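Chemist: Just passing along the structure, written as structure tokens.
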Number of protein chains: 2
Amino acid sequence: MTGTRLSIRIDLKNGDRIGPGKIALLEAIRDTGSISAGARKIGMSYRRAWLLVEQINVALQQPGVASTMGGRQGGGAVVTPVGERMIDIYRSIERVARESAGDEFRAVEKIVRKGKRKEK
Amino acid sequence: MTGTRLSIRIDLKNGDRIGPGKIALLEAIRDTGSISAGARKIGMSYRRAWLLVEQINVALQQPGVASTMGGRQGGGAVVTPVGERMIDIYRSIERVARESAGDEFRAVEKIVRKGKRKEK
């Protein structure tokens, strides 16, 4: 088992970026049914979550997150099919990258400091 | 040709991170022979460059950047062998990840907005 991990960020040609924060937020909104509960789940501020949702919706051809009005909970949010597709593609790129970089990971581990930083 | 690009970040188990900014800075220091010239080359502030160099040196078992004292230019900086190794491994992971994610990249391009953001 290795503790070294790889994160990826997709830089779109329209200038937008899709990285680990936006994807984790999309997944949390999908799992909780609201932006505020999703943000709470991953320890993100509500303000930042709204900002990222706005950026996601601008980056995609159709919004990745939509609000659901009314109902017993007084409205919430859902991840749209295009949002789900974005999550799937991102996780797929991440998985492929991790699987194919095994040798390089072991090489990194040989040159980095072991253990957490300690004050002398 | 695609304009969609992939950046990677390596999260080390000691808690440190190696991402595109640190690697670009290491390469610029290697190419220019100093931290200040390297920072200028990639449009990074001198202050931030020093901070990143410090983080790089703490993350690796041996410093990735060393200062060269004296000489005609009055001292500068060099990338050490372990720093060079870090650059090589990072670029290698990045290349492998990009090469293996071609299908996913085309899938991303189908769902993202074309062109730069425009105000209505």
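The way I read the labels, and the way they are meant: chains A, B, ... in the order of the structure tokens, residue 1 as the first residue of every chain, and ligand 1 as the first ligand shown, with later ones counted on from there.
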Chain A: which residues are strand (DSSP E) by DSSP, as a short mmCIF file (atom, residue, chain, number, x, y, z; two decimals) with N, CA and C atoms, in the first residue's frame?
Modeler:
```
data_model
loop_
_atom_site.label_atom_id
_atom_site.label_comp_id
_atom_site.auth_asym_id
_atom_site.auth_seq_id
_atom_site.Cartn_x
_atom_site.Cartn_y
_atom_site.Cartn_z
N ARG A 5 -0.57 9.81 -3.55
CA ARG A 5 -1.79 9.87 -4.34
C ARG A 5 -1.67 10.87 -5.48
N LEU A 6 -2.46 10.62 -6.49
CA LEU A 6 -2.43 11.48 -7.66
C LEU A 6 -3.76 12.21 -7.78
N SER A 7 -3.72 13.52 -7.96
CA SER A 7 -4.93 14.28 -8.28
C SER A 7 -4.77 14.81 -9.69
N ILE A 8 -5.87 14.93 -10.38
CA ILE A 8 -5.77 15.49 -11.72
C ILE A 8 -6.64 16.74 -11.85
N ARG A 9 -6.25 17.58 -12.76
CA ARG A 9 -7.05 18.76 -13.07
C ARG A 9 -7.16 18.84 -14.58
N ILE A 10 -8.37 19.05 -15.07
CA ILE A 10 -8.57 19.17 -16.51
C ILE A 10 -8.70 20.65 -16.84
N ASP A 11 -7.79 21.12 -17.68
CA ASP A 11 -7.83 22.51 -18.13
C ASP A 11 -8.53 22.54 -19.48
N ARG A 17 -11.62 25.20 -15.56
CA ARG A 17 -10.88 24.07 -15.01
C ARG A 17 -11.79 23.16 -14.22
N ILE A 18 -11.57 21.87 -14.35
CA ILE A 18 -12.31 20.90 -13.55
C ILE A 18 -11.28 20.12 -12.74
N VAL A 65 -25.55 21.16 -12.24
CA VAL A 65 -26.35 21.13 -11.01
C VAL A 65 -27.62 21.96 -11.25
N ALA A 66 -28.76 21.41 -10.85
CA ALA A 66 -30.02 22.14 -11.00
C ALA A 66 -30.72 22.18 -9.66
N SER A 67 -31.50 23.24 -9.44
CA SER A 67 -32.22 23.30 -8.17
C SER A 67 -33.59 22.67 -8.33
N THR A 68 -34.04 22.03 -7.28
CA THR A 68 -35.36 21.42 -7.27
C THR A 68 -36.24 22.28 -6.39
N GLY A 76 -34.11 21.70 -3.14
CA GLY A 76 -32.76 21.19 -2.94
C GLY A 76 -32.03 21.28 -4.25
N ALA A 77 -31.05 20.40 -4.47
CA ALA A 77 -30.31 20.43 -5.73
C ALA A 77 -30.07 19.02 -6.23
N VAL A 78 -30.02 18.88 -7.52
CA VAL A 78 -29.69 17.59 -8.12
C VAL A 78 -28.55 17.76 -9.11
N VAL A 79 -27.79 16.68 -9.28
CA VAL A 79 -26.78 16.66 -10.33
C VAL A 79 -27.47 16.18 -11.59
#
```
Chemist: Each residue of chain A lying at most 6 Å from chain B should get a row with its shortest atom-to-atom pair and the distance in Å to one decimal, counting only C-alpha atoms; could you produce that, ordered by chain and increasing number, as a tab-separated table?
Modeler:
```
residue	atom	partner	partner_atom	distance
A:Gly3	CA	B:Lys13	CA	4.7
A:Thr4	CA	B:Leu12	CA	4.6
A:Arg5	CA	B:Asp11	CA	4.9
A:Leu6	CA	B:Ile10	CA	4.7
A:Ser7	CA	B:Arg9	CA	5.0
A:Ile8	CA	B:Ile8	CA	4.4
A:Arg9	CA	B:Ser7	CA	5.0
A:Ile10	CA	B:Leu6	CA	4.7
A:Asp11	CA	B:Arg5	CA	4.9
A:Leu12	CA	B:Thr4	CA	4.6
A:Lys13	CA	B:Gly3	CA	4.7
A:Asn14	CA	B:Lys116	CA	4.7
A:Ala59	CA	B:Arg113	CA	5.7
A:Leu60	CA	B:Val112	CA	4.0
A:Gln61	CA	B:Arg113	CA	4.4
A:Ile89	CA	B:Glu104	CA	6.0
A:Ile93	CA	B:Ala101	CA	5.7
A:Ala97	CA	B:Ala97	CA	4.4
A:Ala101	CA	B:Ile93	CA	5.7
A:Glu104	CA	B:Ile89	CA	6.0
A:Ile111	CA	B:Gln61	CA	5.7
A:Val112	CA	B:Leu60	CA	4.1
A:Arg113	CA	B:Gln61	CA	4.4
A:Gly115	CA	B:Asn14	CA	5.0
A:Lys116	CA	B:Asn14	CA	4.7
```
Chemist: So the first atom is CA of Gly64 in chain B and the second is CA of Ser45 in chain B; what is the distance between them in Å, to one decimal place?
Modeler: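 It comes out at 19.3 Å.
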Chemist: Using CA of Ala49 in chain A and CA of Arg30 in chain A as the two end points, give the distance in Å to one decimal.
Modeler: 13.3 Å
Chemist: Could you check the closest approach to Asp31 in chain B for each of B:Tyr46, B:Met69, B:Glu84, B:Glu54 and tell me which residue wins, using only C-alpha atoms?
Modeler: B:Glu84
Chemist: Give the alpha helix (DSSP H) residues of chain A, as DSSP finds them on the backbone, and put them as a PyMOL selection string.
Modeler: chain A and resi 20-32+35-41+46-59+81-100+102-111
